[in-house]
Amino acid sequence: MTSWQPDWADIPSALLEFWTERHLCTLTTLRADGRPHLVPVGVALDVEQRCAWVITNGSSRKARHAAADGRVAACQVEGGRWSTIEGTAEVLSDEVSVARAVERYAARYRTPKPNPQRVALRIEVDRFLVSSGLV
């Protein structure tokens, strides 16, 4: 396992490619008692804004957990390749942030159905954990 601190101007091409390929991820948030809560999500890396995005319903557990304690991890795996993002999430409901998150999600996955209760989790990435060959 390798750890890589984000230098967004110099992100390794293999790591960037892996985070733009279509892979389902898991998002880990923390419950009030500290136990992890894991759910499948789409995670979209945003090199321009130096973050990662998750879209969800504002009443979801992941949004409520992130609002209470922003520490999160998002992981994806394909065969022997894997990468985890560790960071801090902020729950945003403003139109500009949600639109950016939807745009980045659509670029990686597909255009989501409209959802008036949608919020964006903006993840400030502290580090990437990666399998060999991605950095």
# chains A, B, ... in the order shown; residues from 1 in each chain; ligands from 1

$ residues_around --residues "Glu124 in chain A" --least-positions-apart "2" --cutoff "12 Å" --atoms "only C-alpha atoms" --output "MDAnalysis selection string"
chainID A and resid 5:6 8 45:47 49:54 70:74 85:91 121:122 126:128

$ select_by_dssp --residues "chain A" --states "alpha helix (DSSP H)" --output "list in words"
Ser13, Ala14, Leu15, Leu16, Glu17, Phe18, Arg61, Lys62, Ala63, Arg64, His65, Ala66, Ala67, Ala68, Glu95, Val96, Ser97, Val98, Ala99, Arg100, Ala101, Val102, Glu103, Arg104, Tyr105, Ala106, Ala107 and Arg108 of chain A

$ residues_around --residues "Ala63 in chain A" --least-positions-apart "5" --cutoff "9 Å" --atoms "only C-alpha atoms" --output "number ranges by chain"
A: 29, 56-58, 68, 90-91, 119-121

$ atom_distance --atom1 "CA of Val130 in chain A" --atom2 "CA of Leu16 in chain A"
11.5 Å

$ closest_residue --among "A:Leu38, A:Leu15, A:Leu92, A:Ala44" --to "Ser131 in chain A" --atoms "only C-alpha atoms"
A:Leu15

$ closest_residue --among "A:Glu17, A:Glu103, A:His65, A:Lys113" --to "Gly34 in chain A" --atoms "only C-alpha atoms"
A:His65

$ residues_around --residues "Val41 in chain A" --least-positions-apart "5" --cutoff "7 Å" --atoms "only C-alpha atoms" --output "JSON, numbers by chain"
{"A": [24, 25, 26, 27]}

$ write_last_selection --atoms "N, CA and C atoms" --output "compact mmCIF listing (two decimals), in the first residue's frame"
# COMPACT_ATOMS: atom_id res chain seq x y z
N LEU A 24 -18.01 1.74 -9.16
CA LEU A 24 -18.80 2.03 -7.97
C LEU A 24 -17.86 2.11 -6.78
N CYS A 25 -18.18 2.97 -5.85
CA CYS A 25 -17.34 3.17 -4.67
C CYS A 25 -18.14 2.85 -3.41
N THR A 26 -17.44 2.77 -2.30
CA THR A 26 -18.12 2.76 -1.01
C THR A 26 -17.70 4.04 -0.29
N LEU A 27 -18.65 4.61 0.43
CA LEU A 27 -18.38 5.79 1.24
C LEU A 27 -18.56 5.40 2.69

$ atom_distance --atom1 "CA of Ala14 in chain A" --atom2 "CA of Gly79 in chain A"
15.0 Å

$ residues_around --residues "Pro114 in chain A" --least-positions-apart "2" --cutoff "12 Å" --atoms "only C-alpha atoms" --output "list in words"
Ile55, Thr56, Asn57, Val98, Ala99, Val102, Thr111, Pro112, Pro116, Gln117, Arg118 and Val119 of chain A
